[in-house]
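Next comes run.pdb, with PDB, C-alpha atoms, pLDDT in the B column.
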ATOM      1  CA  MET A   1       0.000   0.000   0.000  1.00 81.00           C
ATOM      2  CA  ASN A   2       1.363   3.385  -1.021  1.00 91.00           C
ATOM      3  CA  LEU A   3       0.552   6.295   1.269  1.00 92.00           C
ATOM      4  CA  THR A   4       1.099   9.958   0.398  1.00 95.00           C
ATOM      5  CA  ILE A   5       0.306  12.721   2.898  1.00 95.00           C
ATOM      6  CA  SER A   6       0.845  16.239   1.605  1.00 95.00           C
ATOM      7  CA  GLY A   7      -0.092  19.747   2.639  1.00 95.00           C
ATOM      8  CA  HIS A   8      -1.143  22.758   0.607  1.00 93.00           C
ATOM      9  CA  HIS A   9      -0.377  26.117   2.302  1.00 89.00           C
ATOM     10  CA  LEU A  10       0.491  24.102   5.390  1.00 91.00           C
ATOM     11  CA  GLU A  11       3.388  22.087   6.738  1.00 93.00           C
ATOM     12  CA  VAL A  12       2.515  18.494   7.633  1.00 93.00           C
ATOM     13  CA  THR A  13       3.928  18.056  11.116  1.00 94.00           C
ATOM     14  CA  PRO A  14       4.860  14.637  12.530  1.00 95.00           C
ATOM     15  CA  ALA A  15       1.924  14.885  14.967  1.00 95.00           C
ATOM     16  CA  LEU A  16      -0.489  15.570  12.094  1.00 94.00           C
ATOM     17  CA  ARG A  17       0.992  12.706  10.063  1.00 95.00           C
ATOM     18  CA  GLU A  18       0.659  10.321  13.019  1.00 95.00           C
ATOM     19  CA  TYR A  19      -2.956  11.419  13.595  1.00 95.00           C
ATOM     20  CA  VAL A  20      -3.854  10.678   9.957  1.00 94.00           C
ATOM     21  CA  LEU A  21      -2.123   7.281  10.141  1.00 94.00           C
ATOM     22  CA  THR A  22      -4.018   6.247  13.279  1.00 94.00           C
ATOM     23  CA  LYS A  23      -7.312   7.249  11.677  1.00 93.00           C
ATOM     24  CA  LEU A  24      -6.478   5.362   8.473  1.00 92.00           C
ATOM     25  CA  ASP A  25      -5.877   2.177  10.478  1.00 91.00           C
ATOM     26  CA  ARG A  26      -9.625   1.865  11.010  1.00 88.00           C
ATOM     27  CA  VAL A  27     -10.284   1.998   7.271  1.00 87.00           C
ATOM     28  CA  THR A  28      -7.559  -0.493   6.371  1.00 85.00           C
ATOM     29  CA  ARG A  29      -8.795  -2.819   9.123  1.00 87.00           C
ATOM     30  CA  HIS A  30     -12.210  -3.026   7.445  1.00 83.00           C
ATOM     31  CA  PHE A  31     -10.831  -3.466   3.933  1.00 84.00           C
ATOM     32  CA  ASP A  32      -7.292  -4.707   3.323  1.00 81.00           C
ATOM     33  CA  GLN A  33      -7.203  -4.582  -0.492  1.00 84.00           C
ATOM     34  CA  VAL A  34      -6.165  -0.918  -0.646  1.00 87.00           C
ATOM     35  CA  VAL A  35      -3.629  -0.166  -3.381  1.00 89.00           C
ATOM     36  CA  ASP A  36      -2.917   3.540  -2.928  1.00 93.00           C
ATOM     37  CA  ILE A  37      -3.936   6.371  -0.550  1.00 94.00           C
ATOM     38  CA  ASN A  38      -3.406  10.078  -1.232  1.00 96.00           C
ATOM     39  CA  VAL A  39      -4.177  12.525   1.584  1.00 96.00           C
ATOM     40  CA  LEU A  40      -4.196  16.281   0.938  1.00 96.00           C
ATOM     41  CA  LEU A  41      -4.488  18.724   3.837  1.00 95.00           C
ATOM     42  CA  THR A  42      -5.261  22.319   2.842  1.00 93.00           C
ATOM     43  CA  VAL A  43      -5.699  25.706   4.452  1.00 92.00           C
ATOM     44  CA  GLU A  44      -7.802  27.987   2.256  1.00 85.00           C
ATOM     45  CA  LYS A  45      -7.369  31.680   2.946  1.00 80.00           C
ATOM     46  CA  LEU A  46     -10.252  33.140   0.942  1.00 74.00           C
ATOM     47  CA  THR A  47     -13.215  31.077   2.134  1.00 64.00           C
ATOM     48  CA  GLU A  48     -15.348  31.729   5.200  1.00 69.00           C
ATOM     49  CA  LYS A  49     -13.746  31.115   8.579  1.00 68.00           C
ATOM     50  CA  GLU A  50     -15.825  28.019   9.462  1.00 68.00           C
ATOM     51  CA  ARG A  51     -14.656  26.094   6.394  1.00 71.00           C
ATOM     52  CA  ARG A  52     -10.996  27.080   6.085  1.00 85.00           C
ATOM     53  CA  GLN A  53      -9.339  23.771   6.973  1.00 91.00           C
ATOM     54  CA  LYS A  54      -9.929  21.107   4.343  1.00 92.00           C
ATOM     55  CA  ALA A  55      -8.909  17.459   4.158  1.00 94.00           C
ATOM     56  CA  GLU A  56      -9.198  15.253   1.068  1.00 96.00           C
ATOM     57  CA  VAL A  57      -8.519  11.545   0.549  1.00 96.00           C
ATOM     58  CA  THR A  58      -8.319   9.587  -2.678  1.00 96.00           C
ATOM     59  CA  LEU A  59      -8.350   5.867  -1.960  1.00 93.00           C
ATOM     60  CA  HIS A  60      -7.538   3.538  -4.843  1.00 93.00           C
ATOM     61  CA  VAL A  61      -8.841   0.013  -4.419  1.00 88.00           C
ATOM     62  CA  LYS A  62      -8.982  -2.729  -7.003  1.00 84.00           C
ATOM     63  CA  GLY A  63     -11.430  -1.561  -9.646  1.00 81.00           C
ATOM     64  CA  LYS A  64     -12.505   1.721  -8.051  1.00 89.00           C
ATOM     65  CA  ASP A  65     -11.291   5.095  -6.777  1.00 93.00           C
ATOM     66  CA  ILE A  66     -12.998   6.521  -3.695  1.00 94.00           C
ATOM     67  CA  PHE A  67     -12.721  10.288  -3.181  1.00 96.00           C
ATOM     68  CA  VAL A  68     -13.826  12.048   0.024  1.00 96.00           C
ATOM     69  CA  GLU A  69     -13.389  15.649   1.138  1.00 95.00           C
ATOM     70  CA  GLN A  70     -14.377  17.502   4.294  1.00 94.00           C
ATOM     71  CA  SER A  71     -13.998  21.093   5.504  1.00 92.00           C
ATOM     72  CA  HIS A  72     -14.094  22.400   9.061  1.00 91.00           C
ATOM     73  CA  GLU A  73     -12.648  25.228  11.126  1.00 89.00           C
ATOM     74  CA  ASP A  74     -10.372  22.731  12.925  1.00 91.00           C
ATOM     75  CA  LEU A  75      -8.175  20.450  10.823  1.00 92.00           C
ATOM     76  CA  TYR A  76      -8.327  17.578  13.325  1.00 94.00           C
ATOM     77  CA  ALA A  77     -12.145  17.706  13.304  1.00 94.00           C
ATOM     78  CA  ALA A  78     -12.086  17.753   9.506  1.00 94.00           C
ATOM     79  CA  ILE A  79      -9.891  14.628   9.521  1.00 95.00           C
ATOM     80  CA  ASP A  80     -12.252  12.893  11.982  1.00 95.00           C
ATOM     81  CA  GLN A  81     -15.321  13.616   9.856  1.00 96.00           C
ATOM     82  CA  LEU A  82     -13.429  12.671   6.704  1.00 95.00           C
ATOM     83  CA  MET A  83     -12.435   9.274   8.074  1.00 95.00           C
ATOM     84  CA  ASP A  84     -16.039   8.593   9.126  1.00 95.00           C
ATOM     85  CA  LYS A  85     -17.206   9.286   5.569  1.00 95.00           C
ATOM     86  CA  LEU A  86     -14.390   7.219   4.092  1.00 94.00           C
ATOM     87  CA  ASP A  87     -15.108   4.295   6.407  1.00 93.00           C
ATOM     88  CA  ARG A  88     -18.778   4.267   5.384  1.00 93.00           C
ATOM     89  CA  GLN A  89     -17.875   4.318   1.695  1.00 93.00           C
ATOM     90  CA  VAL A  90     -15.274   1.564   2.065  1.00 91.00           C
ATOM     91  CA  CYS A  91     -17.741  -0.652   3.962  1.00 89.00           C
ATOM     92  CA  ARG A  92     -20.368  -0.025   1.278  1.00 90.00           C
ATOM     93  CA  HIS A  93     -17.842  -0.926  -1.433  1.00 89.00           C
ATOM     94  CA  LYS A  94     -16.890  -4.096   0.436  1.00 87.00           C
ATOM     95  CA  ASP A  95     -20.565  -5.115   0.714  1.00 85.00           C
ATOM     96  CA  ARG A  96     -21.026  -4.604  -3.014  1.00 84.00           C
ATOM     97  CA  LEU A  97     -18.078  -6.864  -3.772  1.00 81.00           C
ATOM     98  CA  HIS A  98     -19.672  -9.816  -1.994  1.00 76.00           C
ATOM     99  CA  ASP A  99     -22.049 -11.840  -4.118  1.00 62.00           C
ATOM    100  CA  HIS A 100     -25.450 -11.727  -2.419  1.00 63.00           C
ATOM    101  CA  HIS A 101     -27.232 -14.046  -4.853  1.00 65.00           C
ATOM    102  CA  HIS A 102     -28.481 -17.262  -3.331  1.00 62.00           C
ATOM    103  CA  GLN A 103     -28.695 -20.495  -5.247  1.00 62.00           C
ATOM    104  CA  ALA A 104     -32.129 -22.014  -5.551  1.00 58.00           C
ATOM    105  CA  ALA A 105     -32.845 -24.924  -3.233  1.00 58.00           C
ATOM    106  CA  LYS A 106     -32.603 -28.263  -5.002  1.00 61.00           C
ATOM    107  CA  ARG A 107     -35.903 -29.977  -5.561  1.00 59.00           C
ATOM    108  CA  MET A 108     -36.498 -32.999  -3.432  1.00 55.00           C
ATOM    109  CA  ASP A 109     -36.951 -36.267  -5.265  1.00 54.00           C
ATOM    110  CA  ALA A 110     -40.590 -37.337  -5.374  1.00 56.00           C
ATOM    111  CA  GLY A 111     -39.565 -40.997  -5.110  1.00 56.00           C
ATOM    112  CA  ALA A 112     -37.798 -40.493  -1.766  1.00 57.00           C
ATOM    113  CA  VAL A 113     -41.034 -39.772   0.070  1.00 53.00           C
TER
END

Any chance you could put this one into structure tokens?
Amino acid sequence: MNLTISGHHLEVTPALREYVLTKLDRVTRHFDQVVDINVLLTVEKLTEKERRQKAEVTLHVKGKDIFVEQSHEDLYAAIDQLMDKLDRQVCRHKDRLHDHHHQAAKRMDAGAV
């Protein structure tokens, strides 16, 4: 699994990197076939104050890319909400991968009765 954590208008500190890694553990625990993860942490200067801190994740799994973004006034809260969204989408993707079709029950032989 390739992991890229980058910052735009912000320096990614070791504490921030460790926080993202601990939150990503929950996602990779639910679904282990992750190929690539790109995390982008951004501080936007021109938007309203409540939505300045933004976190984005692009998760590449076999056959699909999952993109999630979340904005908040606190970057750690944005990461928390982002990981909740990502976890829901990964679980939904995992459920779709499983084949939910049931085979028809075999008919009982009439002569066995």

Task: Expected selection from the PyMOL selection byres ((chain A and resi 65) around 12), given as a PyMOL selection string - done: chain A and resi 34-38+57-64+66-68+86+89-90+93

Task: From A:Leu46, A:Ile79, A:Arg96, A:Asp32, residue lying nearest A:Arg17 [all atoms listed in the file] - done: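 When distances to A:Arg17 are compared using all atoms listed in the file, the smallest one comes from A:Ile79.
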
Open item on the list: To one decimal place in Å, what is the distance between atom CA of A:Gln81 and atom CA of A:Lys23?
Closed with: 10.4 Å

Open item on the list: Residue by residue, what does the PyMOL selection byres ((chain A and resi 71-74) around 8) grab here? Present the result as a PyMOL selection string.
Closed with: chain A and resi 49-55+69-70+75-78

Using C-alpha atoms, can you export the residues from the last selection as a PDB file, in the frame of the given file?
ATOM      1  CA  LYS A  49     -13.746  31.115   8.579  1.00 68.00           C
ATOM      2  CA  GLU A  50     -15.825  28.019   9.462  1.00 68.00           C
ATOM      3  CA  ARG A  51     -14.656  26.094   6.394  1.00 71.00           C
ATOM      4  CA  ARG A  52     -10.996  27.080   6.085  1.00 85.00           C
ATOM      5  CA  GLN A  53      -9.339  23.771   6.973  1.00 91.00           C
ATOM      6  CA  LYS A  54      -9.929  21.107   4.343  1.00 92.00           C
ATOM      7  CA  ALA A  55      -8.909  17.459   4.158  1.00 94.00           C
ATOM      8  CA  GLU A  69     -13.389  15.649   1.138  1.00 95.00           C
ATOM      9  CA  GLN A  70     -14.377  17.502   4.294  1.00 94.00           C
ATOM     10  CA  LEU A  75      -8.175  20.450  10.823  1.00 92.00           C
ATOM     11  CA  TYR A  76      -8.327  17.578  13.325  1.00 94.00           C
ATOM     12  CA  ALA A  77     -12.145  17.706  13.304  1.00 94.00           C
ATOM     13  CA  ALA A  78     -12.086  17.753   9.506  1.00 94.00           C
TER      14      ALA A  78
END

Open item on the list: If I take atom CA of A:Leu10 and atom CA of A:Thr28, how far is one from the other in Å, to one decimal?
Closed with: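 For atom CA of A:Leu10 relative to atom CA of A:Thr28, the distance reads 25.9 Å.
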
- [ ] Just give me the gap between atom CA of A:Asp87 and atom CA of A:Ser6 in Å, one decimal is fine.
- [x]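 About the pair atom CA of A:Asp87 and atom CA of A:Ser6: they are 20.5 Å apart.
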
TODO: Taking the file above as input, evaluate the PyMOL selection byres ((chain A and resi 26) around 12) and report the hits as number ranges by chain.
DONE: A: 19-25, 27-32, 80, 83-88, 90-91

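Of the residues under consideration (A:Leu82, A:Asn2, A:His8, A:Lys45), A:Asn2 shows the shortest atom-to-atom contact distance to A:Gln33 when counting only C-alpha atoms.
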
Task: Residue among A:His98, A:Val39, A:Glu44, A:Arg92 lying closest to A:His9, counting all atoms listed in the file - done: A:Glu44

Can you complete the atoms of stretch 42-74 of chain A to N, CA and C atoms and list them as a PDB file, in the coordinates of the input?
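Saved the output as selection-v2.pdb:
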ATOM      1  N   THR A  42      -5.317  20.986   3.435  1.00 93.00           N
ATOM      2  CA  THR A  42      -5.261  22.319   2.842  1.00 93.00           C
ATOM      3  C   THR A  42      -5.778  23.361   3.820  1.00 93.00           C
ATOM      4  N   VAL A  43      -5.163  24.526   3.774  1.00 92.00           N
ATOM      5  CA  VAL A  43      -5.699  25.706   4.452  1.00 92.00           C
ATOM      6  C   VAL A  43      -6.053  26.708   3.362  1.00 92.00           C
ATOM      7  N   GLU A  44      -7.352  27.027   3.259  1.00 85.00           N
ATOM      8  CA  GLU A  44      -7.802  27.987   2.256  1.00 85.00           C
ATOM      9  C   GLU A  44      -7.967  29.346   2.913  1.00 85.00           C
ATOM     10  N   LYS A  45      -7.378  30.368   2.325  1.00 80.00           N
ATOM     11  CA  LYS A  45      -7.369  31.680   2.946  1.00 80.00           C
ATOM     12  C   LYS A  45      -8.575  32.541   2.561  1.00 80.00           C
ATOM     13  N   LEU A  46      -9.206  32.256   1.440  1.00 74.00           N
ATOM     14  CA  LEU A  46     -10.252  33.140   0.942  1.00 74.00           C
ATOM     15  C   LEU A  46     -11.666  32.723   1.317  1.00 74.00           C
ATOM     16  N   THR A  47     -11.864  31.518   1.806  1.00 64.00           N
ATOM     17  CA  THR A  47     -13.215  31.077   2.134  1.00 64.00           C
ATOM     18  C   THR A  47     -13.608  31.533   3.530  1.00 64.00           C
ATOM     19  N   GLU A  48     -14.873  31.298   3.890  1.00 69.00           N
ATOM     20  CA  GLU A  48     -15.348  31.729   5.200  1.00 69.00           C
ATOM     21  C   GLU A  48     -14.596  31.007   6.311  1.00 69.00           C
ATOM     22  N   LYS A  49     -14.589  31.595   7.483  1.00 68.00           N
ATOM     23  CA  LYS A  49     -13.746  31.115   8.579  1.00 68.00           C
ATOM     24  C   LYS A  49     -14.115  29.708   9.032  1.00 68.00           C
ATOM     25  N   GLU A  50     -15.402  29.332   8.969  1.00 68.00           N
ATOM     26  CA  GLU A  50     -15.825  28.019   9.462  1.00 68.00           C
ATOM     27  C   GLU A  50     -15.333  26.882   8.590  1.00 68.00           C
ATOM     28  N   ARG A  51     -15.014  27.156   7.338  1.00 71.00           N
ATOM     29  CA  ARG A  51     -14.656  26.094   6.394  1.00 71.00           C
ATOM     30  C   ARG A  51     -13.238  26.266   5.836  1.00 71.00           C
ATOM     31  N   ARG A  52     -12.340  26.804   6.609  1.00 85.00           N
ATOM     32  CA  ARG A  52     -10.996  27.080   6.085  1.00 85.00           C
ATOM     33  C   ARG A  52     -10.111  25.845   5.989  1.00 85.00           C
ATOM     34  N   GLN A  53     -10.198  24.955   6.952  1.00 91.00           N
ATOM     35  CA  GLN A  53      -9.339  23.771   6.973  1.00 91.00           C
ATOM     36  C   GLN A  53     -10.018  22.665   6.174  1.00 91.00           C
ATOM     37  N   LYS A  54      -9.315  22.109   5.216  1.00 92.00           N
ATOM     38  CA  LYS A  54      -9.929  21.107   4.343  1.00 92.00           C
ATOM     39  C   LYS A  54      -9.025  19.883   4.252  1.00 92.00           C
ATOM     40  N   ALA A  55      -9.635  18.716   4.295  1.00 94.00           N
ATOM     41  CA  ALA A  55      -8.909  17.459   4.158  1.00 94.00           C
ATOM     42  C   ALA A  55      -9.554  16.649   3.033  1.00 94.00           C
ATOM     43  N   GLU A  56      -8.719  16.060   2.179  1.00 96.00           N
ATOM     44  CA  GLU A  56      -9.198  15.253   1.068  1.00 96.00           C
ATOM     45  C   GLU A  56      -8.440  13.928   1.060  1.00 96.00           C
ATOM     46  N   VAL A  57      -9.148  12.863   0.680  1.00 96.00           N
ATOM     47  CA  VAL A  57      -8.519  11.545   0.549  1.00 96.00           C
ATOM     48  C   VAL A  57      -8.980  10.929  -0.758  1.00 96.00           C
ATOM     49  N   THR A  58      -8.016  10.408  -1.519  1.00 96.00           N
ATOM     50  CA  THR A  58      -8.319   9.587  -2.678  1.00 96.00           C
ATOM     51  C   THR A  58      -7.781   8.194  -2.371  1.00 96.00           C
ATOM     52  N   LEU A  59      -8.687   7.237  -2.317  1.00 93.00           N
ATOM     53  CA  LEU A  59      -8.350   5.867  -1.960  1.00 93.00           C
ATOM     54  C   LEU A  59      -8.534   5.009  -3.198  1.00 93.00           C
ATOM     55  N   HIS A  60      -7.468   4.381  -3.648  1.00 93.00           N
ATOM     56  CA  HIS A  60      -7.538   3.538  -4.843  1.00 93.00           C
ATOM     57  C   HIS A  60      -7.584   2.088  -4.403  1.00 93.00           C
ATOM     58  N   VAL A  61      -8.711   1.439  -4.677  1.00 88.00           N
ATOM     59  CA  VAL A  61      -8.841   0.013  -4.419  1.00 88.00           C
ATOM     60  C   VAL A  61      -8.983  -0.677  -5.766  1.00 88.00           C
ATOM     61  N   LYS A  62      -8.929  -1.983  -5.757  1.00 84.00           N
ATOM     62  CA  LYS A  62      -8.982  -2.729  -7.003  1.00 84.00           C
ATOM     63  C   LYS A  62     -10.322  -2.462  -7.705  1.00 84.00           C
ATOM     64  N   GLY A  63     -10.241  -1.804  -8.845  1.00 81.00           N
ATOM     65  CA  GLY A  63     -11.430  -1.561  -9.646  1.00 81.00           C
ATOM     66  C   GLY A  63     -12.167  -0.271  -9.364  1.00 81.00           C
ATOM     67  N   LYS A  64     -11.747   0.514  -8.378  1.00 89.00           N
ATOM     68  CA  LYS A  64     -12.505   1.721  -8.051  1.00 89.00           C
ATOM     69  C   LYS A  64     -11.619   2.733  -7.328  1.00 89.00           C
ATOM     70  N   ASP A  65     -11.901   4.016  -7.548  1.00 93.00           N
ATOM     71  CA  ASP A  65     -11.291   5.095  -6.777  1.00 93.00           C
ATOM     72  C   ASP A  65     -12.370   5.707  -5.897  1.00 93.00           C
ATOM     73  N   ILE A  66     -12.064   5.909  -4.634  1.00 94.00           N
ATOM     74  CA  ILE A  66     -12.998   6.521  -3.695  1.00 94.00           C
ATOM     75  C   ILE A  66     -12.413   7.856  -3.285  1.00 94.00           C
ATOM     76  N   PHE A  67     -13.175   8.946  -3.516  1.00 96.00           N
ATOM     77  CA  PHE A  67     -12.721  10.288  -3.181  1.00 96.00           C
ATOM     78  C   PHE A  67     -13.650  10.872  -2.126  1.00 96.00           C
ATOM     79  N   VAL A  68     -13.059  11.436  -1.060  1.00 96.00           N
ATOM     80  CA  VAL A  68     -13.826  12.048   0.024  1.00 96.00           C
ATOM     81  C   VAL A  68     -13.144  13.353   0.397  1.00 96.00           C
ATOM     82  N   GLU A  69     -13.954  14.393   0.643  1.00 95.00           N
ATOM     83  CA  GLU A  69     -13.389  15.649   1.138  1.00 95.00           C
ATOM     84  C   GLU A  69     -14.268  16.193   2.246  1.00 95.00           C
ATOM     85  N   GLN A  70     -13.648  16.935   3.167  1.00 94.00           N
ATOM     86  CA  GLN A  70     -14.377  17.502   4.294  1.00 94.00           C
ATOM     87  C   GLN A  70     -13.704  18.797   4.725  1.00 94.00           C
ATOM     88  N   SER A  71     -14.512  19.804   5.038  1.00 92.00           N
ATOM     89  CA  SER A  71     -13.998  21.093   5.504  1.00 92.00           C
ATOM     90  C   SER A  71     -14.528  21.366   6.906  1.00 92.00           C
ATOM     91  N   HIS A  72     -13.719  22.050   7.693  1.00 91.00           N
ATOM     92  CA  HIS A  72     -14.094  22.400   9.061  1.00 91.00           C
ATOM     93  C   HIS A  72     -13.171  23.516   9.514  1.00 91.00           C
ATOM     94  N   GLU A  73     -13.520  24.170  10.609  1.00 89.00           N
ATOM     95  CA  GLU A  73     -12.648  25.228  11.126  1.00 89.00           C
ATOM     96  C   GLU A  73     -11.433  24.662  11.832  1.00 89.00           C
ATOM     97  N   ASP A  74     -11.494  23.405  12.283  1.00 91.00           N
ATOM     98  CA  ASP A  74     -10.372  22.731  12.925  1.00 91.00           C
ATOM     99  C   ASP A  74      -9.941  21.565  12.037  1.00 91.00           C
TER     100      ASP A  74
END
